[in-house]
file structure-v3.cif (mmCIF, C-alpha atoms)
data_target
#
loop_
_atom_site.label_atom_id
_atom_site.label_comp_id
_atom_site.auth_asym_id
_atom_site.auth_seq_id
_atom_site.Cartn_x
_atom_site.Cartn_y
_atom_site.Cartn_z
CA MET A 1049 124.77 114.22 85.23
CA SER A 1050 122.58 116.03 87.63
CA ARG A 1051 120.81 119.17 86.61
CA GLN A 1052 119.34 119.91 89.95
CA SER A 1053 117.53 123.18 89.82
CA MET A 1054 119.19 125.86 91.85
CA ARG A 1055 116.17 127.20 93.59
CA ALA A 1056 116.99 129.94 96.00
CA ASN A 1057 115.59 128.80 99.27
CA ASP A 1058 112.99 131.48 99.87
CA PRO A 1059 110.91 130.35 102.82
CA LYS A 1060 107.86 132.20 101.50
CA LYS A 1061 107.83 130.22 98.26
CA VAL A 1062 107.23 126.64 97.28
CA SER A 1063 107.98 124.68 94.16
CA GLY A 1064 105.51 125.34 91.39
CA GLU A 1065 105.63 121.68 90.43
CA LEU A 1066 104.64 120.54 93.89
CA PHE A 1067 101.76 122.98 93.76
CA THR A 1068 100.61 121.92 90.30
CA LEU A 1069 100.83 118.21 91.03
CA THR A 1070 99.09 118.57 94.37
CA TYR A 1071 96.25 120.43 92.74
CA GLY A 1072 96.09 117.83 89.98
CA SER A 1073 95.85 115.09 92.54
CA LEU A 1074 92.96 116.89 94.20
CA VAL A 1075 91.10 117.26 90.91
CA ALA A 1076 91.68 113.57 90.16
CA GLN A 1077 90.32 112.67 93.58
CA LEU A 1078 87.19 114.75 93.02
CA LEU A 1079 86.62 113.12 89.65
CA LYS A 1080 86.81 109.79 91.43
CA ASP A 1081 84.49 110.81 94.25
CA TYR A 1082 81.77 112.52 92.22
CA GLU A 1083 79.70 111.04 89.49
CA ASN A 1084 79.67 113.89 87.05
CA VAL A 1085 81.95 116.72 86.10
CA ASP A 1086 79.40 119.41 86.94
CA ASP A 1087 79.61 118.41 90.58
CA VAL A 1088 83.39 118.50 90.36
CA ASN A 1089 83.27 121.99 88.85
CA ARG A 1090 81.01 123.11 91.67
CA GLN A 1091 83.17 121.55 94.37
CA LEU A 1092 86.31 123.16 92.95
CA GLU A 1093 84.60 126.52 92.92
CA ARG A 1094 83.54 126.06 96.52
CA MET A 1095 87.02 125.15 97.63
CA GLY A 1096 88.31 128.22 95.85
CA TYR A 1097 85.71 130.33 97.59
CA ASN A 1098 86.92 129.06 100.97
CA ILE A 1099 90.50 129.80 100.00
CA GLY A 1100 89.62 133.27 98.74
CA MET A 1101 87.92 134.15 102.01
CA ARG A 1102 91.14 133.44 103.87
CA LEU A 1103 93.54 134.62 101.20
CA ILE A 1104 92.21 138.17 101.16
CA GLU A 1105 93.41 138.72 104.68
CA ASP A 1106 96.92 137.70 103.74
CA PHE A 1107 96.71 139.93 100.68
CA LEU A 1108 95.63 142.98 102.67
CA ALA A 1109 98.39 142.41 105.19
CA ARG A 1110 101.13 141.71 102.70
CA ALA A 1111 100.44 143.92 99.71
CA ASN A 1112 98.89 146.84 101.57
CA PRO A 1113 96.71 147.50 98.54
CA GLY A 1114 94.65 150.41 99.86
CA ARG A 1115 91.02 151.11 99.10
CA CYS A 1116 89.42 150.41 95.71
CA TYR A 1117 87.29 153.24 94.39
CA ASP A 1118 85.95 151.50 91.32
CA LEU A 1119 86.01 148.13 89.62
CA ARG A 1120 89.12 149.07 87.67
CA ASP A 1121 90.97 149.37 90.96
CA THR A 1122 89.65 145.98 91.94
CA ALA A 1123 90.80 144.47 88.66
CA ASP A 1124 94.29 145.86 89.27
CA LYS A 1125 94.38 144.26 92.70
CA ILE A 1126 93.31 140.91 91.29
CA GLN A 1127 96.11 141.18 88.77
CA GLN A 1128 98.53 142.01 91.56
CA ALA A 1129 97.33 139.03 93.62
CA PHE A 1130 97.95 136.62 90.74
CA LYS A 1131 101.52 137.88 90.61
CA LEU A 1132 101.98 137.63 94.35
CA TYR A 1133 100.50 134.17 94.85
CA LEU A 1134 100.97 132.31 91.58
CA GLY A 1135 103.90 134.18 90.06
CA VAL A 1136 102.08 134.98 86.82
CA SER A 1137 100.95 138.30 85.42
CA PRO A 1138 97.58 138.10 83.76
CA SER A 1139 96.35 140.96 81.63
CA ILE A 1140 93.08 142.69 82.37
CA GLY A 1141 90.82 143.62 79.51
CA SER A 1142 87.62 143.20 77.52
CA TRP A 1143 85.71 145.65 79.68
CA SER A 1144 81.99 145.71 79.16
CA PRO A 1145 80.57 149.07 78.00
CA GLY A 1146 79.03 149.59 81.43
CA GLY A 1147 82.34 149.00 83.14
CA ASP A 1148 80.91 146.29 85.37
CA GLU A 1149 82.55 143.28 83.75
CA PHE A 1150 86.11 142.41 82.72
CA SER A 1151 88.40 139.56 81.83
CA VAL A 1152 91.49 138.20 83.54
CA VAL A 1153 93.59 136.70 80.77
CA LEU A 1154 96.35 134.21 81.52
CA GLU A 1155 99.01 133.41 78.93
CA THR A 1156 100.24 130.53 81.06
CA ASN A 1157 98.18 128.83 83.68
CA PRO A 1158 100.23 127.60 86.61
CA MET A 1159 97.44 125.26 87.69
CA ALA A 1160 97.54 123.33 84.46
CA GLU A 1161 101.20 122.47 83.83
CA PHE A 1162 101.49 118.74 82.95
CA VAL A 1163 97.74 118.55 82.35
CA GLU A 1164 95.94 117.06 79.40
CA LEU A 1165 92.17 116.67 79.48
CA PRO A 1166 90.99 113.20 78.52
CA ASP A 1167 88.10 113.01 76.06
CA HIS A 1168 85.51 112.10 78.66
CA CYS A 1169 86.36 115.15 80.78
CA LEU A 1170 85.74 117.90 78.29
CA GLY A 1171 83.08 119.41 80.52
CA LEU A 1172 85.58 119.78 83.34
CA ARG A 1173 86.59 123.30 84.23
CA TYR A 1174 89.98 122.22 85.44
CA SER A 1175 91.09 125.47 87.03
CA ASN A 1176 87.69 126.39 88.40
CA ILE A 1177 89.20 126.85 91.83
CA LEU A 1178 90.55 130.21 90.60
CA ALA A 1179 87.04 131.48 89.86
CA GLY A 1180 86.07 130.56 93.41
CA VAL A 1181 89.10 132.31 94.88
CA ILE A 1182 88.17 135.55 93.13
CA ARG A 1183 84.56 135.33 94.32
CA GLY A 1184 85.51 134.48 97.90
CA ALA A 1185 88.17 137.15 98.19
CA CYS A 1186 85.90 139.89 96.81
CA GLU A 1187 83.04 138.89 99.07
CA MET A 1188 85.21 139.46 102.12
CA VAL A 1189 85.70 143.06 101.06
CA GLN A 1190 81.97 143.62 100.59
CA LEU A 1191 81.95 143.04 96.87
CA GLU A 1192 79.70 140.44 95.37
CA VAL A 1193 81.00 139.26 92.01
CA MET A 1194 80.50 136.38 89.65
CA ALA A 1195 83.55 134.74 88.13
CA TRP A 1196 83.63 132.06 85.47
CA PHE A 1197 85.88 130.64 82.79
CA ILE A 1198 85.21 131.55 79.18
CA ALA A 1199 88.39 130.18 77.61
CA ASP A 1200 90.82 127.48 78.60
CA GLN A 1201 94.08 126.47 76.95
CA LEU A 1202 93.39 122.89 78.00
CA LYS A 1203 90.44 122.96 75.63
CA GLY A 1204 92.41 124.34 72.72
CA ASP A 1205 91.90 128.07 73.31
CA ASN A 1206 94.83 130.43 72.84
CA VAL A 1207 94.61 131.82 76.33
CA THR A 1208 92.93 131.02 79.61
CA GLU A 1209 90.35 133.66 80.39
CA ILE A 1210 88.27 134.28 83.49
CA ARG A 1211 85.33 136.67 83.25
CA VAL A 1212 84.51 138.69 86.36
CA LYS A 1213 81.19 140.51 86.74
CA PHE A 1214 80.26 142.97 89.45
CA VAL A 1215 76.93 142.10 91.07
CA LYS A 1216 76.48 144.42 94.01
CA ARG A 1217 78.09 145.95 97.03
CA LEU A 1218 77.33 144.15 100.23
CA GLU A 1219 76.40 146.99 102.55
CA ASP A 1220 75.33 145.46 105.78
CA ALA A 1221 77.59 142.50 106.05
CA ILE A 1222 78.51 141.82 109.64
CA PRO A 1223 82.02 140.41 110.02
CA ALA A 1224 82.01 136.73 110.79
CA GLY A 1225 81.90 135.92 114.47
CA GLU A 1226 80.50 139.30 115.57
CA ASP A 1227 76.80 138.62 115.72
CA MET B 740 81.96 124.56 74.51
CA SER B 741 85.01 123.97 72.37
CA GLY B 742 84.71 120.38 71.24
CA SER B 743 85.71 121.08 67.66
CA LYS B 744 88.92 122.86 68.55
CA GLN B 745 92.19 121.03 68.40
CA ARG B 746 93.40 120.40 71.91
CA PRO B 747 97.17 120.70 72.35
CA SER B 748 99.07 117.54 73.10
CA ILE B 749 101.09 117.58 76.27
CA LEU B 750 104.01 116.18 74.26
CA ASP B 751 104.17 119.28 72.12
CA LYS B 752 105.07 121.38 75.09
CA SER B 753 108.62 121.50 76.35
CA LEU B 754 109.22 119.90 79.72
CA SER B 755 109.02 122.18 82.70
CA ARG B 756 112.44 123.06 84.06
CA GLY B 757 111.22 123.19 87.58
CA ARG B 758 112.08 126.80 88.25
CA THR B 759 108.60 128.16 88.77
CA GLU B 760 107.51 129.09 92.24
CA VAL B 761 104.26 129.96 93.90
CA SER B 762 103.62 131.52 97.25
CA LEU B 763 103.64 129.37 100.35
CA THR B 764 100.32 130.93 101.40
CA ALA B 765 98.65 129.69 98.23
CA TYR B 766 100.00 126.21 98.80
CA ALA B 767 99.09 126.14 102.48
CA LEU B 768 95.51 127.17 101.76
CA LEU B 769 95.15 124.64 98.97
CA PHE B 770 96.50 121.90 101.20
CA SER B 771 94.19 122.96 103.98
CA GLU B 772 91.19 122.59 101.65
CA MET B 773 92.40 119.11 100.71
CA VAL B 774 92.69 118.10 104.34
CA GLN B 775 89.23 119.45 105.16
CA TYR B 776 87.70 117.76 102.15
CA SER B 777 89.31 114.44 103.08
CA HIS B 778 88.37 114.89 106.71
CA ASN B 779 84.71 115.32 105.82
CA ARG B 780 84.68 112.00 104.05
CA VAL B 781 86.21 109.77 106.69
CA THR B 782 85.30 108.55 110.15
CA SER B 783 88.68 107.72 111.65
CA VAL B 784 92.21 109.07 111.85
CA ASN B 785 93.45 106.01 110.03
CA GLU B 786 91.12 106.60 107.10
CA LEU B 787 92.19 110.23 106.95
CA HIS B 788 95.82 109.16 106.72
CA ASN B 789 94.95 106.76 103.93
CA LYS B 790 93.08 109.44 102.03
CA LEU B 791 95.95 111.91 102.30
CA SER B 792 98.40 109.22 101.34
CA GLU B 793 96.33 108.43 98.25
CA LEU B 794 96.47 112.10 97.27
CA GLY B 795 100.24 112.01 97.68
CA GLU B 796 100.61 108.87 95.60
CA ARG B 797 99.46 110.62 92.47
CA VAL B 798 102.10 113.29 93.03
CA GLY B 799 104.83 110.70 93.62
CA VAL B 800 104.46 108.71 90.42
CA ARG B 801 104.62 111.88 88.39
CA MET B 802 107.71 113.11 90.21
CA VAL B 803 109.47 109.83 89.36
CA GLU B 804 108.87 110.32 85.65
CA LEU B 805 109.80 113.96 85.77
CA LEU B 806 112.97 113.64 87.83
CA PHE B 807 114.42 110.61 86.09
CA VAL B 808 113.99 112.29 82.73
CA ARG B 809 115.14 115.73 83.78
CA GLU B 810 117.72 115.22 86.51
CA ARG B 811 118.97 111.68 85.97
CA ASN B 812 119.31 111.29 82.21
CA TYR B 813 116.93 108.31 82.18
CA LYS B 814 119.17 106.24 84.45
CA ARG B 815 117.29 104.23 87.04
CA GLU B 816 118.45 103.31 90.51
CA THR B 817 118.96 99.65 91.31
CA LYS B 818 120.37 99.76 94.85
CA LEU B 819 118.36 100.20 97.99
CA LEU B 820 120.63 102.78 99.55
CA ASN B 821 120.81 104.81 96.36
CA ILE B 822 117.05 105.07 96.00
CA LEU B 823 116.82 106.20 99.62
CA LEU B 824 119.42 108.86 98.94
CA PHE B 825 117.45 109.85 95.84
CA VAL B 826 114.38 110.38 98.00
CA LYS B 827 116.32 112.24 100.66
CA GLY B 828 118.19 114.40 98.15
CA THR B 829 116.88 114.89 94.63
CA LEU B 830 113.21 114.33 95.35
CA TRP B 831 113.17 116.39 98.53
CA LYS B 832 115.07 119.24 96.90
CA SER B 833 112.68 119.47 93.98
CA LEU B 834 109.62 119.34 96.17
CA PHE B 835 110.69 121.29 99.22
CA GLY B 836 113.84 123.16 98.20
CA LYS B 837 116.05 121.32 100.71
CA GLU B 838 117.30 117.86 101.58
CA ALA B 839 115.45 115.84 104.17
CA ASP B 840 116.94 116.32 107.63
CA LYS B 841 118.10 112.81 108.36
CA LEU B 842 118.06 109.22 107.17
CA ASP B 843 118.32 106.48 109.78
CA ARG B 844 118.21 102.75 109.85
CA ALA B 845 116.31 100.67 112.39
CA THR B 846 118.64 98.65 114.59
CA ASP B 847 116.37 95.65 115.02
CA ASP B 848 114.84 95.22 111.56
CA GLU B 849 116.83 95.53 108.36
CA ARG B 850 113.70 96.22 106.34
CA ILE B 851 112.97 99.45 108.17
CA TYR B 852 114.42 102.90 107.50
CA TYR B 853 113.51 106.25 108.99
CA LEU B 854 113.49 109.50 107.09
CA ILE B 855 113.28 112.39 109.50
CA GLU B 856 111.96 115.85 108.70
CA LYS B 857 111.68 118.17 111.64
CA GLU B 858 109.09 120.46 110.17
CA PRO B 859 107.49 119.21 106.96
CA LEU B 860 106.19 121.97 104.71
CA VAL B 861 102.62 120.71 104.82
CA ASN B 862 102.48 120.70 108.61
CA ARG B 863 103.72 124.21 109.12
CA PHE B 864 100.28 125.80 109.33
CA ILE B 865 98.33 122.90 110.74
CA SER B 866 97.46 122.71 114.39
CA VAL B 867 96.35 119.27 115.43
CA PRO B 868 93.24 119.06 117.62
CA ARG B 869 94.03 117.87 121.10
CA ASP B 870 91.61 114.96 121.04
CA LYS B 871 93.06 113.68 117.79
CA SER B 872 96.72 114.25 118.44
CA SER B 873 97.80 111.31 116.30
CA ILE B 874 96.70 113.05 113.09
CA ASN B 875 99.72 113.82 111.00
CA CYS B 876 98.93 115.46 107.69
CA ALA B 877 102.40 114.59 106.46
CA ALA B 878 100.68 111.32 105.54
CA PHE B 879 100.40 113.14 102.23
CA ILE B 880 104.19 113.18 101.94
CA ALA B 881 104.33 109.57 103.10
CA GLY B 882 102.10 108.79 100.12
CA ILE B 883 104.53 110.59 97.82
CA ILE B 884 107.50 108.60 99.16
CA GLU B 885 105.62 105.33 98.99
CA SER B 886 104.59 105.78 95.39
CA VAL B 887 108.09 106.89 94.40
CA LEU B 888 109.51 103.71 95.92
CA ASN B 889 106.83 101.52 94.37
CA ALA B 890 107.24 103.10 90.95
CA THR B 891 111.00 102.61 91.00
CA GLY B 892 110.73 98.93 91.91
CA PHE B 893 111.28 99.11 95.66
CA PRO B 894 107.86 98.23 97.07
CA ALA B 895 107.49 99.59 100.58
CA LYS B 896 104.97 100.82 103.07
CA VAL B 897 105.51 104.34 104.37
CA THR B 898 103.87 105.88 107.42
CA ALA B 899 104.21 109.33 108.95
CA LEU B 900 104.81 109.33 112.70
CA TRP B 901 105.22 112.09 115.27
CA HIS B 902 108.79 111.55 116.36
CA LYS B 903 111.61 114.10 116.29
CA GLY B 904 109.23 116.29 114.35
CA THR B 905 107.89 113.98 111.71
CA THR B 906 109.48 110.64 110.97
CA PHE B 907 108.59 108.69 107.87
CA MET B 908 108.87 105.02 108.63
CA ILE B 909 109.77 103.13 105.47
CA LYS B 910 109.26 99.41 105.61
CA PHE B 911 110.51 97.61 102.53
CA ASP B 912 109.07 94.45 101.13
CA ASP B 913 111.14 91.31 101.81
CA THR B 914 111.77 90.88 98.10
CA VAL B 915 113.58 94.21 98.00
CA LEU B 916 116.14 93.09 100.58
CA THR B 917 116.64 89.70 98.98
CA ARG B 918 117.36 91.35 95.65
CA ASP B 919 119.62 93.96 97.19
CA LYS B 920 121.74 91.23 98.75
CA GLN B 921 122.09 89.51 95.41
CA LEU B 922 123.31 92.74 93.92
CA GLU B 923 125.91 93.21 96.61
CA GLY B 924 129.43 93.62 95.29
CA ARG B 925 128.27 94.21 91.75
#
call {"tool": "encode", "arguments": {"input": "structure-v3.cif", "output": "structure tokens"}}
result
Amino acid sequence: MSRQSMRANDPKKVSGELFTLTYGSLVAQLLKDYENVDDVNRQLERMGYNIGMRLIEDFLARANPGRCYDLRDTADKIQQAFKLYLGVSPSIGSWSPGGDEFSVVLETNPMAEFVELPDHCLGLRYSNILAGVIRGACEMVQLEVMAWFIADQLKGDNVTEIRVKFVKRLEDAIPAGED
Amino acid sequence: MSGSKQRPSILDKSLSRGRTEVSLTAYALLFSEMVQYSHNRVTSVNELHNKLSELGERVGVRMVELLFVRERNYKRETKLLNILLFVKGTLWKSLFGKEADKLDRATDDERIYYLIEKEPLVNRFISVPRDKSSINCAAFIAGIIESVLNATGFPAKVTALWHKGTTFMIKFDDTVLTRDKQLEGR
């Protein structure tokens, strides 16, 4: 008896399972290529950064998000981007008193379906690519931020949580290729 | 960080039903990073193909488990033609939302089959440099097919070629054909 999923053939979408497994294969490859998990974490972040730098363009074109006047606007856009690209709606919260730091909280993490961390990989930040994407995307709109994981369901936490901290506005950045 | 916490077992979660979707842009950019990463670590086109194929292999074995449990009620395939149709149909639909364009058989060698996909998903946003026109990043998909066939007991070698779009050349091991003939009529 076949229970073939009836996926509407939307040309702008791909199977979440293909995405998850492809990402998993990449992480496995990095673990094979590098000697320690810290290097893997760093490499994942860098790949995310590269993706973010290109993704922001697509986001601006597709979502027409308009200008952000403060970090709360930015947080809303990040939330919107998660919905648009990964099909999940994270919540935004845990603002710092100064309003320069917030959390992106994921109830389900589309990167980590089918994943179980083996005991020798507990230092691995499996979804670290997401932190890189946020940093890369923000940098392209003249916003330097730090992004890092503070909770991960793969490590037994209730939610997956990414902390984002505003560093500074990049005033004099010259667009790439226009020097 | 959280060593004392109880980590959830994957078996406690219910199996994904395969309905989730992500944006094509996200996938294309992720794949592009994978290709660049692999490209930086090799010196020849052949090595690049092997690297991409290796990345695909890990996807393939997992798809076998997933699909035979979810779509096939644990029933395995024993016939050569049926496993090819499984790849062309069930596997392709779950991965790419459509069947593969065409399945052909070589006229001169009974071990060889061709699976043709005019525009594979992974190639849609990749422009191949002119001096390395033989690069075909669908080697990743070839790796998926190869590992699916190996994991289901039909050892084969699969290569991605530029022909009618992309053609996956599937060359089965001799043992596969011998066994298939024995099964004939059963």
call {"tool": "closest_residue", "arguments": {"input": "structure-v3.cif", "among": "A:Leu1108, A:Leu1172, A:Ala1199, A:Met1159", "to": "Leu1078 (chain A)", "atoms": "all atoms listed in the file"}}
result
A:Leu1172
call {"tool": "resolve_selection", "arguments": {"input": "structure-v3.cif", "expression": "the PyMOL selection byres ((chain A and resi 1129-1142) around 6)", "output": "list in words"}}
result
Ile1126, Gln1127, Gln1128, Trp1143, Phe1150, Ser1151, Val1152, Val1153 and Leu1154 of chain A; Val761, Ser762 and Ala765 of chain B
call {"tool": "resolve_selection", "arguments": {"input": "structure-v3.cif", "expression": "the PyMOL selection byres ((chain B and resi 911-921) around 10)", "output": "PyMOL selection string"}}
result
chain B and resi 817-820+849-852+885+888-889+892-897+908-910+922-925
call {"tool": "closest_residue", "arguments": {"input": "structure-v3.cif", "among": "B:Ile822, B:Leu791, B:Leu768, B:Leu754", "to": "Ile1177 (chain A)", "atoms": "all atoms listed in the file"}}
result
B:Leu768
call {"tool": "resolve_selection", "arguments": {"input": "structure-v3.cif", "expression": "the PyMOL selection byres ((chain B and resi 860) around 9)", "output": "MDAnalysis selection string"}}
result
(chainID A and resid 1062) or (chainID B and resid 763 767 835 858:859 861:864 877)
call {"tool": "closest_residue", "arguments": {"input": "structure-v3.cif", "among": "B:Ile884, B:Asp870, B:Ala878, B:Thr764", "to": "Asp1106 (chain A)", "atoms": "only C-alpha atoms"}}
result
B:Thr764
call {"tool": "closest_atom_pairs", "arguments": {"input": "structure-v3.cif", "of": "region 1137-1213 of chain A", "to": "region 1065-1069 of chain A", "cutoff": "7 Å", "atoms": "all atoms listed in the file", "output": "CSV"}}
result
residue,atom,partner,partner_atom,distance
A:Pro1158,CA,A:Thr1068,CA,6.8
A:Met1159,CA,A:Thr1068,CA,5.3
A:Ala1160,CA,A:Thr1068,CA,6.7
A:Glu1161,CA,A:Thr1068,CA,6.5
call {"tool": "atom_distance", "arguments": {"input": "structure-v3.cif", "atom1": "CA of His788 (chain B)", "atom2": "CA of Gly1064 (chain A)"}}
result
24.3 Å
call {"tool": "closest_residue", "arguments": {"input": "structure-v3.cif", "among": "B:Leu823, B:Met773, B:Ile855, B:Leu805", "to": "chain A", "atoms": "only C-alpha atoms"}}
result
B:Met773
call {"tool": "residues_around", "arguments": {"input": "structure-v3.cif", "residues": "Phe1214 (chain A)", "least_positions_apart": "2", "cutoff": "9 Å", "atoms": "all atoms listed in the file", "output": "list in words"}}
result
Leu1119, Gly1147, Asp1148, Glu1149, Phe1150, Leu1191, Glu1192, Val1193, Met1194, Ala1195, Val1212, Lys1216 and Arg1217 of chain A
call {"tool": "write_last_selection", "arguments": {"input": "structure-v3.cif", "atoms": "C-alpha atoms", "output": "PDB file, in the coordinates of the input"}}
result
ATOM      1  CA  LEU A1119      86.010 148.130  89.620  1.00  0.00           C
ATOM      2  CA  GLY A1147      82.340 149.000  83.140  1.00  0.00           C
ATOM      3  CA  ASP A1148      80.910 146.290  85.370  1.00  0.00           C
ATOM      4  CA  GLU A1149      82.550 143.280  83.750  1.00  0.00           C
ATOM      5  CA  PHE A1150      86.110 142.410  82.720  1.00  0.00           C
ATOM      6  CA  LEU A1191      81.950 143.040  96.870  1.00  0.00           C
ATOM      7  CA  GLU A1192      79.700 140.440  95.370  1.00  0.00           C
ATOM      8  CA  VAL A1193      81.000 139.260  92.010  1.00  0.00           C
ATOM      9  CA  MET A1194      80.500 136.380  89.650  1.00  0.00           C
ATOM     10  CA  ALA A1195      83.550 134.740  88.130  1.00  0.00           C
ATOM     11  CA  VAL A1212      84.510 138.690  86.360  1.00  0.00           C
ATOM     12  CA  LYS A1216      76.480 144.420  94.010  1.00  0.00           C
ATOM     13  CA  ARG A1217      78.090 145.950  97.030  1.00  0.00           C
TER      14      ARG A1217
END
call {"tool": "build_atoms", "arguments": {"input": "structure-v3.cif", "residues": "region 827-851 of chain B", "atoms": "N, CA and C atoms", "output": "PDB file, in the coordinates of the input"}}
result
ATOM      1  N   LYS B 827     115.853 111.251  99.690  1.00  0.00           N
ATOM      2  CA  LYS B 827     116.320 112.240 100.660  1.00  0.00           C
ATOM      3  C   LYS B 827     116.878 113.495  99.961  1.00  0.00           C
ATOM      4  N   GLY B 828     117.542 113.283  98.824  1.00  0.00           N
ATOM      5  CA  GLY B 828     118.190 114.400  98.150  1.00  0.00           C
ATOM      6  C   GLY B 828     117.367 114.976  97.012  1.00  0.00           C
ATOM      7  N   THR B 829     117.485 114.347  95.845  1.00  0.00           N
ATOM      8  CA  THR B 829     116.880 114.890  94.630  1.00  0.00           C
ATOM      9  C   THR B 829     115.380 115.167  94.777  1.00  0.00           C
ATOM     10  N   LEU B 830     114.661 114.157  95.249  1.00  0.00           N
ATOM     11  CA  LEU B 830     113.210 114.330  95.350  1.00  0.00           C
ATOM     12  C   LEU B 830     112.858 115.451  96.328  1.00  0.00           C
ATOM     13  N   TRP B 831     113.479 115.391  97.495  1.00  0.00           N
ATOM     14  CA  TRP B 831     113.170 116.390  98.530  1.00  0.00           C
ATOM     15  C   TRP B 831     113.505 117.789  98.065  1.00  0.00           C
ATOM     16  N   LYS B 832     114.657 117.920  97.375  1.00  0.00           N
ATOM     17  CA  LYS B 832     115.070 119.240  96.900  1.00  0.00           C
ATOM     18  C   LYS B 832     114.075 119.796  95.886  1.00  0.00           C
ATOM     19  N   SER B 833     113.617 118.948  94.978  1.00  0.00           N
ATOM     20  CA  SER B 833     112.680 119.470  93.980  1.00  0.00           C
ATOM     21  C   SER B 833     111.348 119.831  94.611  1.00  0.00           C
ATOM     22  N   LEU B 834     110.928 119.069  95.588  1.00  0.00           N
ATOM     23  CA  LEU B 834     109.620 119.340  96.170  1.00  0.00           C
ATOM     24  C   LEU B 834     109.676 120.450  97.211  1.00  0.00           C
ATOM     25  N   PHE B 835     110.695 120.399  98.055  1.00  0.00           N
ATOM     26  CA  PHE B 835     110.690 121.290  99.220  1.00  0.00           C
ATOM     27  C   PHE B 835     111.872 122.239  99.275  1.00  0.00           C
ATOM     28  N   GLY B 836     112.731 122.213  98.252  1.00  0.00           N
ATOM     29  CA  GLY B 836     113.840 123.160  98.200  1.00  0.00           C
ATOM     30  C   GLY B 836     114.971 122.863  99.156  1.00  0.00           C
ATOM     31  N   LYS B 837     114.972 121.690  99.791  1.00  0.00           N
ATOM     32  CA  LYS B 837     116.050 121.320 100.710  1.00  0.00           C
ATOM     33  C   LYS B 837     116.134 119.798 100.803  1.00  0.00           C
ATOM     34  N   GLU B 838     117.252 119.299 101.337  1.00  0.00           N
ATOM     35  CA  GLU B 838     117.300 117.860 101.580  1.00  0.00           C
ATOM     36  C   GLU B 838     116.515 117.514 102.828  1.00  0.00           C
ATOM     37  N   ALA B 839     116.098 116.268 102.935  1.00  0.00           N
ATOM     38  CA  ALA B 839     115.450 115.840 104.170  1.00  0.00           C
ATOM     39  C   ALA B 839     116.467 115.881 105.299  1.00  0.00           C
ATOM     40  N   ASP B 840     116.010 116.091 106.525  1.00  0.00           N
ATOM     41  CA  ASP B 840     116.940 116.320 107.630  1.00  0.00           C
ATOM     42  C   ASP B 840     117.848 115.123 107.910  1.00  0.00           C
ATOM     43  N   LYS B 841     117.282 113.930 107.929  1.00  0.00           N
ATOM     44  CA  LYS B 841     118.100 112.810 108.360  1.00  0.00           C
ATOM     45  C   LYS B 841     117.551 111.480 107.847  1.00  0.00           C
ATOM     46  N   LEU B 842     118.464 110.569 107.538  1.00  0.00           N
ATOM     47  CA  LEU B 842     118.060 109.220 107.170  1.00  0.00           C
ATOM     48  C   LEU B 842     118.676 108.246 108.169  1.00  0.00           C
ATOM     49  N   ASP B 843     117.847 107.413 108.755  1.00  0.00           N
ATOM     50  CA  ASP B 843     118.320 106.480 109.780  1.00  0.00           C
ATOM     51  C   ASP B 843     117.875 105.076 109.450  1.00  0.00           C
ATOM     52  N   ARG B 844     118.569 104.125 110.088  1.00  0.00           N
ATOM     53  CA  ARG B 844     118.210 102.750 109.850  1.00  0.00           C
ATOM     54  C   ARG B 844     117.777 102.129 111.173  1.00  0.00           C
ATOM     55  N   ALA B 845     116.735 101.313 111.149  1.00  0.00           N
ATOM     56  CA  ALA B 845     116.310 100.670 112.390  1.00  0.00           C
ATOM     57  C   ALA B 845     117.369  99.669 112.816  1.00  0.00           C
ATOM     58  N   THR B 846     117.577  99.548 114.135  1.00  0.00           N
ATOM     59  CA  THR B 846     118.640  98.650 114.590  1.00  0.00           C
ATOM     60  C   THR B 846     118.168  97.194 114.645  1.00  0.00           C
ATOM     61  N   ASP B 847     116.850  97.017 114.799  1.00  0.00           N
ATOM     62  CA  ASP B 847     116.370  95.650 115.020  1.00  0.00           C
ATOM     63  C   ASP B 847     115.729  95.016 113.792  1.00  0.00           C
ATOM     64  N   ASP B 848     115.521  95.788 112.723  1.00  0.00           N
ATOM     65  CA  ASP B 848     114.840  95.220 111.560  1.00  0.00           C
ATOM     66  C   ASP B 848     115.457  95.820 110.304  1.00  0.00           C
ATOM     67  N   GLU B 849     116.091  94.981 109.506  1.00  0.00           N
ATOM     68  CA  GLU B 849     116.830  95.530 108.360  1.00  0.00           C
ATOM     69  C   GLU B 849     115.916  96.018 107.234  1.00  0.00           C
ATOM     70  N   ARG B 850     114.619  95.731 107.368  1.00  0.00           N
ATOM     71  CA  ARG B 850     113.700  96.220 106.340  1.00  0.00           C
ATOM     72  C   ARG B 850     113.267  97.655 106.590  1.00  0.00           C
ATOM     73  N   ILE B 851     113.542  98.157 107.788  1.00  0.00           N
ATOM     74  CA  ILE B 851     112.970  99.450 108.170  1.00  0.00           C
ATOM     75  C   ILE B 851     113.998 100.590 108.155  1.00  0.00           C
TER      76      ILE B 851
END
